[in-house]
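**Student:** Mind looking over this structure? Questions follow.
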Amino acid sequence: MSSTLTVSHLRKTYGPYVAVDDLSFEVPEGCVFGLLGPNGAGKSTTFKCMLGLARATAGSVLFGGKPLEPALFESIAYVPERSVLYDWMTVAEHVEMQRRAFTSFDPKAAYELLAQFGIDPRKKARALSKGMKTATMVALAIARRAQTLILDEPTSGLDPINQRHVLNLIINESARGATVIFSSHQIGQVERAAESIAVIDRGRLALEGAVDDLKAGRKIVEAIFPSETYALDGVSGDSRVARLDRTGRIVRALVTSDAGEFVTRLEALGGSGVRIVDLNLEDIFLYAVAPSDATADVVGGASK
Amino acid sequence: MPVVLTVDPRSGVPIYLQVIEQVKRSVALGILAGGEQLPTVKQLALDLTINPNTVAKAYRELERDGVIETSPGRGSFVKSNGAADSTKSAARDVARDAFDAAVREAKSIGLGAAEVRDLAAAAIDRWFTEEQ
């Protein structure tokens with residue numbers, strides 16, 4: 001069965017508050033997909049709606065073309081943002097509970113993963129730090145051998161070594177063909193592990209695409225013009241220009257494709273000292289979520 | 001010899017392009033010899049902690065560029081048929097990109113074509129003295 005995940009026109013309101021608004025994206029089978037957004041953007045609500053833990057107000061979520069139904073629960077593993085471990089149960093008891101609940105759960109793999117994180121299975125959940133609770137939930141989810149993994153902040157509270165380990169587990173899941181969608185505030189992690197991303201801002205899709213395509217296409221083009229009032233005929237109307245900032249004689253444009261061609265265009269208009277600045281995912285993210293009049297000095301360009 | 005690749009995921013250069021550039025450079029330098037096996041997609045993804053589909057994309061382009069060949073079930077290898085050819089073309093690719101960047105920079109800070117040509121000639125004279 002295909003595990004392509006399709007979110008279409010998802011909407012979730014709480015009274016007058018719109019948490020998710022007309023959100024659509026698709027995660028192909030075997031893809032690692034990163035969901036990015038500022039705090040309160042609607043990432044966790046999106047995950048909950050996908051899993052049926054919150055009832056969507058409108059829109060649909062399909063797993064391999066089918067709506068969520070009990071028969072699919074076995075094939076989907078979820079790590080929530082906050083711990084759902086039972087404080088009074090040991091880690092080993094959680095392993096046993098998962099074994100009884102899911103036929104494809106592999107207890108041996110679970111114990112190996114817990115050992116890799118340095119977690120003593122005899123410990124009660126209440127004795128675990130925040131990070132170790134996250135690691136326990138990740139270990140239990142990976143041992144499910146699920147076709148689809150939905151991981152809400154799966155590295156939260158972990159030290160850099162264990163964060164890297166979680167990323168490698170995600171990569172390993174993808175390499176065996178599983179579909180993984182995860183969120184993280186650490187953009188560097190998404191930049192490594194994710195093939196594609198969606199940025200959501202105030203419940204709406206702000207940007208979507210393959211990380212490498214976004215980096216190849218989106219560039220800052222800078223040029224110096226002879227005077228502050230120099231006319232930039234047609235440049236601001238160019239569909240490739242997502243932003244245009246003028247500071248004195250310096251013009252900075254965020255272009256979404258064909259930066260090389262845009263350079264020629266600025267030079268033809270009289271620009272000199274034209275340079276192309278690469279953007280990393282953090283820069284691209286900040287441009288996507290910042291209001292258009294406030295980004296002028298948000299981005300310094302990717303460090304080499 | 002083990003393949004030593006490093007990528008900087010935080011750079012603005014797409015990761016798959018970084019992998020391609022590094023493999024070509026390794027071939028050009030002879031670190032990777034003709035017939036030598038590359039890590040599997042999964043292994044390289046885990047070694048570098050990068051997305052496996054990104055590695056697969058880099059391998060596909062390297063294959064298209066004639067640098068490596070992949071046989072299903074066996075893995076990816078540096079092309080041994082005409083290894084000298086692929087070494088040379090890989091070296092040319094790496095050098096061309098570096099040259100391109102330098103010329104673009106020179107042009108953007110206001111130098112004319114003639115001046116850039118003089119600089120290129122001077123650089124060639126400096127680095128190839130023994131051939132003069």
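Labels for the structure tokens follow display order: chains A, B, ..., residues from 1 in each chain, ligands from 1.
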Near stretch 229-239 of chain A, within 12 Å and counting only C-alpha atoms, which residues show up once chain neighbours fewer than 5 positions away are dropped, as a list in words?
**Tutor:** Ala223, Ile224, Leu244, Asp245, Arg246, Thr247, Gly248, Arg249, Ile250, Val251, Arg252, Ala253, Leu254, Val255, Thr256, Ser257, Asp258, Phe262, Val263, Arg265, Leu266, Glu267, Ala268, Leu269, Gly270 and Gly271 of chain A
**Student:** Write out as an MDAnalysis selection string which residues come within 9 Å of A:Met137 when counting only C-alpha atoms, dropping same-chain ones fewer than 5 positions away.
**Tutor:** chainID A and resid 78:80 83:85 132 142 154
**Student:** Go ahead and write the residues just picked, N, CA and C atoms, as an mmCIF file, in the first residue's frame.
**Tutor:**
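Result file is result28.cif:
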data_model
loop_
_atom_site.group_PDB
_atom_site.id
_atom_site.type_symbol
_atom_site.label_atom_id
_atom_site.label_comp_id
_atom_site.auth_asym_id
_atom_site.auth_seq_id
_atom_site.Cartn_x
_atom_site.Cartn_y
_atom_site.Cartn_z
ATOM 1 N N TYR A 78 3.146 7.852 15.944
ATOM 2 C CA TYR A 78 3.053 9.289 16.265
ATOM 3 C C TYR A 78 3.832 9.589 17.529
ATOM 4 N N VAL A 79 4.652 10.601 17.484
ATOM 5 C CA VAL A 79 5.301 11.099 18.704
ATOM 6 C C VAL A 79 4.761 12.505 18.949
ATOM 7 N N PRO A 80 3.962 12.670 20.007
ATOM 8 C CA PRO A 80 3.390 13.995 20.270
ATOM 9 C C PRO A 80 4.422 14.946 20.856
ATOM 10 N N SER A 83 4.922 14.732 26.444
ATOM 11 C CA SER A 83 4.985 13.326 26.840
ATOM 12 C C SER A 83 3.601 12.746 27.107
ATOM 13 N N VAL A 84 3.360 11.568 26.550
ATOM 14 C CA VAL A 84 2.128 10.849 26.863
ATOM 15 C C VAL A 84 2.461 9.563 27.624
ATOM 16 N N LEU A 85 3.691 9.519 28.169
ATOM 17 C CA LEU A 85 4.068 8.344 28.952
ATOM 18 C C LEU A 85 3.341 8.414 30.291
ATOM 19 N N MET A 132 14.795 12.623 27.868
ATOM 20 C CA MET A 132 14.737 11.162 27.864
ATOM 21 C C MET A 132 13.308 10.654 27.621
ATOM 22 N N ILE A 142 9.794 4.219 16.585
ATOM 23 C CA ILE A 142 10.634 3.589 15.553
ATOM 24 C C ILE A 142 10.448 2.068 15.580
ATOM 25 N N PRO A 154 10.559 15.831 17.579
ATOM 26 C CA PRO A 154 11.152 14.599 18.102
ATOM 27 C C PRO A 154 12.544 14.764 18.701
#
**Student:** Just want the 12 Å neighbourhood of B:Asp93, counted on only C-alpha atoms, with same-chain residues fewer than 2 positions away dropped. Output as an NGL selection string.
**Tutor:** :B and (20-25 or 27-28 or 62 or 65 or 67 or 86-91 or 95-100)
**Student:** Pick out each residue of stretch 28-84 of chain A that DSSP on the backbone tags as strand (DSSP E); I need them as a list in words.
**Tutor:**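 The residues of stretch 28-84 of chain A classed as strand (DSSP E) are Val32, Phe33, Gly34, Leu35, Leu36, Ala58, Gly59, Ser60, Val61, Leu62, Phe63, Lys66, Pro67, Ile76, Ala77, Tyr78 and Val79 of chain A.
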**Student:** For N, CA and C atoms, I'd like the residues from the last selection saved as a PDB file, in the first residue's frame.
**Tutor:**
ATOM      1  N   VAL A  32      11.040  12.331   3.546  1.00  0.00           N
ATOM      2  CA  VAL A  32      11.093  12.958   4.863  1.00  0.00           C
ATOM      3  C   VAL A  32      10.659  14.399   4.667  1.00  0.00           C
ATOM      4  N   PHE A  33       9.618  14.782   5.357  1.00  0.00           N
ATOM      5  CA  PHE A  33       8.998  16.087   5.148  1.00  0.00           C
ATOM      6  C   PHE A  33       9.079  16.885   6.437  1.00  0.00           C
ATOM      7  N   GLY A  34       9.592  18.090   6.367  1.00  0.00           N
ATOM      8  CA  GLY A  34       9.723  18.930   7.555  1.00  0.00           C
ATOM      9  C   GLY A  34       8.636  19.991   7.598  1.00  0.00           C
ATOM     10  N   LEU A  35       7.976  20.095   8.745  1.00  0.00           N
ATOM     11  CA  LEU A  35       6.966  21.131   8.914  1.00  0.00           C
ATOM     12  C   LEU A  35       7.552  22.215   9.803  1.00  0.00           C
ATOM     13  N   LEU A  36       7.668  23.414   9.245  1.00  0.00           N
ATOM     14  CA  LEU A  36       8.282  24.523   9.974  1.00  0.00           C
ATOM     15  C   LEU A  36       7.260  25.618  10.207  1.00  0.00           C
ATOM     16  N   ALA A  58     -12.840  21.503   8.397  1.00  0.00           N
ATOM     17  CA  ALA A  58     -13.081  21.255   6.970  1.00  0.00           C
ATOM     18  C   ALA A  58     -11.804  20.687   6.371  1.00  0.00           C
ATOM     19  N   GLY A  59     -11.930  20.125   5.182  1.00  0.00           N
ATOM     20  CA  GLY A  59     -10.764  19.582   4.498  1.00  0.00           C
ATOM     21  C   GLY A  59     -10.584  18.106   4.777  1.00  0.00           C
ATOM     22  N   SER A  60      -9.542  17.533   4.160  1.00  0.00           N
ATOM     23  CA  SER A  60      -9.354  16.098   4.327  1.00  0.00           C
ATOM     24  C   SER A  60      -7.876  15.742   4.438  1.00  0.00           C
ATOM     25  N   VAL A  61      -7.635  14.577   5.047  1.00  0.00           N
ATOM     26  CA  VAL A  61      -6.289  14.018   5.145  1.00  0.00           C
ATOM     27  C   VAL A  61      -6.381  12.582   4.648  1.00  0.00           C
ATOM     28  N   LEU A  62      -5.547  12.237   3.667  1.00  0.00           N
ATOM     29  CA  LEU A  62      -5.589  10.885   3.113  1.00  0.00           C
ATOM     30  C   LEU A  62      -4.243  10.200   3.292  1.00  0.00           C
ATOM     31  N   PHE A  63      -4.293   8.945   3.702  1.00  0.00           N
ATOM     32  CA  PHE A  63      -3.100   8.107   3.829  1.00  0.00           C
ATOM     33  C   PHE A  63      -3.158   7.093   2.693  1.00  0.00           C
ATOM     34  N   LYS A  66      -6.495   6.971   1.203  1.00  0.00           N
ATOM     35  CA  LYS A  66      -7.665   6.610   2.018  1.00  0.00           C
ATOM     36  C   LYS A  66      -7.767   7.491   3.253  1.00  0.00           C
ATOM     37  N   PRO A  67      -8.991   7.809   3.663  1.00  0.00           N
ATOM     38  CA  PRO A  67      -9.140   8.549   4.916  1.00  0.00           C
ATOM     39  C   PRO A  67      -8.730   7.674   6.097  1.00  0.00           C
ATOM     40  N   ILE A  76       0.648   3.678  11.309  1.00  0.00           N
ATOM     41  CA  ILE A  76       1.035   5.064  11.597  1.00  0.00           C
ATOM     42  C   ILE A  76       1.578   5.178  13.021  1.00  0.00           C
ATOM     43  N   ALA A  77       2.789   5.714  13.149  1.00  0.00           N
ATOM     44  CA  ALA A  77       3.349   5.943  14.484  1.00  0.00           C
ATOM     45  C   ALA A  77       3.425   7.446  14.724  1.00  0.00           C
ATOM     46  N   TYR A  78       3.146   7.852  15.944  1.00  0.00           N
ATOM     47  CA  TYR A  78       3.053   9.289  16.265  1.00  0.00           C
ATOM     48  C   TYR A  78       3.832   9.589  17.529  1.00  0.00           C
ATOM     49  N   VAL A  79       4.652  10.601  17.484  1.00  0.00           N
ATOM     50  CA  VAL A  79       5.301  11.099  18.704  1.00  0.00           C
ATOM     51  C   VAL A  79       4.761  12.505  18.949  1.00  0.00           C
TER      52      VAL A  79
END
**Student:** Each residue of chain B with at least one atom at most 9 Å from chain A should appear once, together with its nearest atom pair and the corresponding distance in Å (one decimal); atoms considered: only C-alpha atoms; ordering: chain, then increasing residue number; output as a Markdown table.
**Tutor:**
| residue | atom | partner | partner_atom | distance |
| --- | --- | --- | --- | --- |
| B:Asp8 | CA | A:Lys304 | CA | 8.7 |
| B:Pro9 | CA | A:Arg192 | CA | 5.8 |
| B:Arg10 | CA | A:Asn280 | CA | 5.8 |
| B:Ser11 | CA | A:Asn280 | CA | 5.5 |
| B:Gly12 | CA | A:Asn280 | CA | 4.1 |
| B:Val13 | CA | A:Lys215 | CA | 6.4 |
| B:Pro14 | CA | A:Asp212 | CA | 4.6 |
| B:Ile15 | CA | A:Asp212 | CA | 6.5 |
| B:Tyr16 | CA | A:Asp212 | CA | 7.3 |
| B:Leu17 | CA | A:Asp212 | CA | 8.6 |
| B:Val41 | CA | A:Ala175 | CA | 8.3 |
| B:Lys42 | CA | A:Ala175 | CA | 6.0 |
| B:Ala45 | CA | A:Ile171 | CA | 7.1 |
| B:Leu46 | CA | A:Asn168 | CA | 5.8 |
| B:Asp47 | CA | A:Asn168 | CA | 8.7 |
| B:Leu48 | CA | A:Arg192 | CA | 8.7 |
| B:Thr49 | CA | A:Asn168 | CA | 6.0 |
| B:Ile50 | CA | A:Arg192 | CA | 4.7 |
| B:Asn51 | CA | A:Ala193 | CA | 4.7 |
| B:Pro52 | CA | A:Ala175 | CA | 6.1 |
| B:Asn53 | CA | A:Glu195 | CA | 6.9 |
| B:Thr54 | CA | A:Glu195 | CA | 6.7 |
| B:Arg104 | CA | A:Arg275 | CA | 8.4 |
| B:Glu105 | CA | A:Arg275 | CA | 7.5 |
| B:Lys107 | CA | A:Gly273 | CA | 7.8 |
| B:Ser108 | CA | A:Gly273 | CA | 4.3 |
| B:Ile109 | CA | A:Gly273 | CA | 4.7 |
| B:Gly110 | CA | A:Gly273 | CA | 6.4 |
**Student:** Using only C-alpha atoms for the distances, tell me which of A:Pro226, A:Gly157, A:Pro38, A:Pro28 is nearest to A:Gly177.
**Tutor:**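 Looking only at the distances to A:Gly177, the closest residue turns out to be A:Pro28.
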**Student:** Taking only stretch 65-105 of chain B into account, list the residues labelled helix (DSSP H, G or I) by DSSP (computed from the backbone), as a ChimeraX atom specification.
**Tutor:** /B:83-105
**Student:** Taking N, CA and C atoms for each residue, export the selection above as an mmCIF file, in the first residue's frame.
**Tutor:**
data_model
loop_
_atom_site.group_PDB
_atom_site.id
_atom_site.type_symbol
_atom_site.label_atom_id
_atom_site.label_comp_id
_atom_site.auth_asym_id
_atom_site.auth_seq_id
_atom_site.Cartn_x
_atom_site.Cartn_y
_atom_site.Cartn_z
ATOM 1 N N ALA B 83 38.378 5.611 -17.313
ATOM 2 C CA ALA B 83 38.481 6.316 -16.037
ATOM 3 C C ALA B 83 39.263 7.610 -16.202
ATOM 4 N N ALA B 84 40.271 7.566 -17.113
ATOM 5 C CA ALA B 84 41.079 8.765 -17.336
ATOM 6 C C ALA B 84 40.200 9.892 -17.861
ATOM 7 N N ASP B 85 39.265 9.521 -18.754
ATOM 8 C CA ASP B 85 38.338 10.504 -19.319
ATOM 9 C C ASP B 85 37.487 11.152 -18.250
ATOM 10 N N SER B 86 36.879 10.302 -17.399
ATOM 11 C CA SER B 86 35.970 10.865 -16.411
ATOM 12 C C SER B 86 36.746 11.670 -15.368
ATOM 13 N N THR B 87 38.008 11.246 -15.093
ATOM 14 C CA THR B 87 38.845 12.021 -14.176
ATOM 15 C C THR B 87 39.067 13.409 -14.743
ATOM 16 N N LYS B 88 39.390 13.420 -16.058
ATOM 17 C CA LYS B 88 39.681 14.689 -16.687
ATOM 18 C C LYS B 88 38.451 15.583 -16.732
ATOM 19 N N SER B 89 37.302 14.991 -17.084
ATOM 20 C CA SER B 89 36.107 15.828 -17.188
ATOM 21 C C SER B 89 35.666 16.275 -15.794
ATOM 22 N N ALA B 90 35.872 15.432 -14.785
ATOM 23 C CA ALA B 90 35.531 15.841 -13.421
ATOM 24 C C ALA B 90 36.419 17.005 -12.987
ATOM 25 N N ALA B 91 37.712 16.898 -13.320
ATOM 26 C CA ALA B 91 38.643 17.968 -12.960
ATOM 27 C C ALA B 91 38.240 19.269 -13.654
ATOM 28 N N ARG B 92 37.841 19.130 -14.939
ATOM 29 C CA ARG B 92 37.452 20.311 -15.691
ATOM 30 C C ARG B 92 36.201 20.957 -15.092
ATOM 31 N N ASP B 93 35.238 20.112 -14.676
ATOM 32 C CA ASP B 93 34.009 20.636 -14.060
ATOM 33 C C ASP B 93 34.319 21.443 -12.805
ATOM 34 N N VAL B 94 35.178 20.873 -11.942
ATOM 35 C CA VAL B 94 35.517 21.531 -10.683
ATOM 36 C C VAL B 94 36.213 22.867 -10.959
ATOM 37 N N ALA B 95 37.198 22.826 -11.899
ATOM 38 C CA ALA B 95 37.957 24.039 -12.209
ATOM 39 C C ALA B 95 37.076 25.092 -12.868
ATOM 40 N N ARG B 96 36.188 24.661 -13.754
ATOM 41 C CA ARG B 96 35.322 25.607 -14.462
ATOM 42 C C ARG B 96 34.440 26.381 -13.473
ATOM 43 N N ASP B 97 33.888 25.655 -12.466
ATOM 44 C CA ASP B 97 33.030 26.318 -11.481
ATOM 45 C C ASP B 97 33.809 27.367 -10.691
ATOM 46 N N ALA B 98 35.060 27.013 -10.314
ATOM 47 C CA ALA B 98 35.884 27.946 -9.539
ATOM 48 C C ALA B 98 36.214 29.173 -10.394
ATOM 49 N N PHE B 99 36.529 28.929 -11.651
ATOM 50 C CA PHE B 99 36.875 29.984 -12.596
ATOM 51 C C PHE B 99 35.697 30.917 -12.835
ATOM 52 N N ASP B 100 34.542 30.311 -13.040
ATOM 53 C CA ASP B 100 33.299 31.039 -13.251
ATOM 54 C C ASP B 100 33.027 32.006 -12.112
ATOM 55 N N ALA B 101 33.169 31.490 -10.886
ATOM 56 C CA ALA B 101 32.890 32.304 -9.705
ATOM 57 C C ALA B 101 33.846 33.489 -9.649
ATOM 58 N N ALA B 102 35.131 33.233 -9.978
ATOM 59 C CA ALA B 102 36.136 34.297 -9.908
ATOM 60 C C ALA B 102 35.846 35.378 -10.955
ATOM 61 N N VAL B 103 35.483 34.955 -12.161
ATOM 62 C CA VAL B 103 35.217 35.924 -13.225
ATOM 63 C C VAL B 103 33.963 36.732 -12.907
ATOM 64 N N ARG B 104 32.946 36.047 -12.369
ATOM 65 C CA ARG B 104 31.716 36.745 -12.005
ATOM 66 C C ARG B 104 32.003 37.820 -10.953
ATOM 67 N N GLU B 105 32.814 37.452 -9.969
ATOM 68 C CA GLU B 105 33.184 38.382 -8.898
ATOM 69 C C GLU B 105 33.918 39.594 -9.496
#
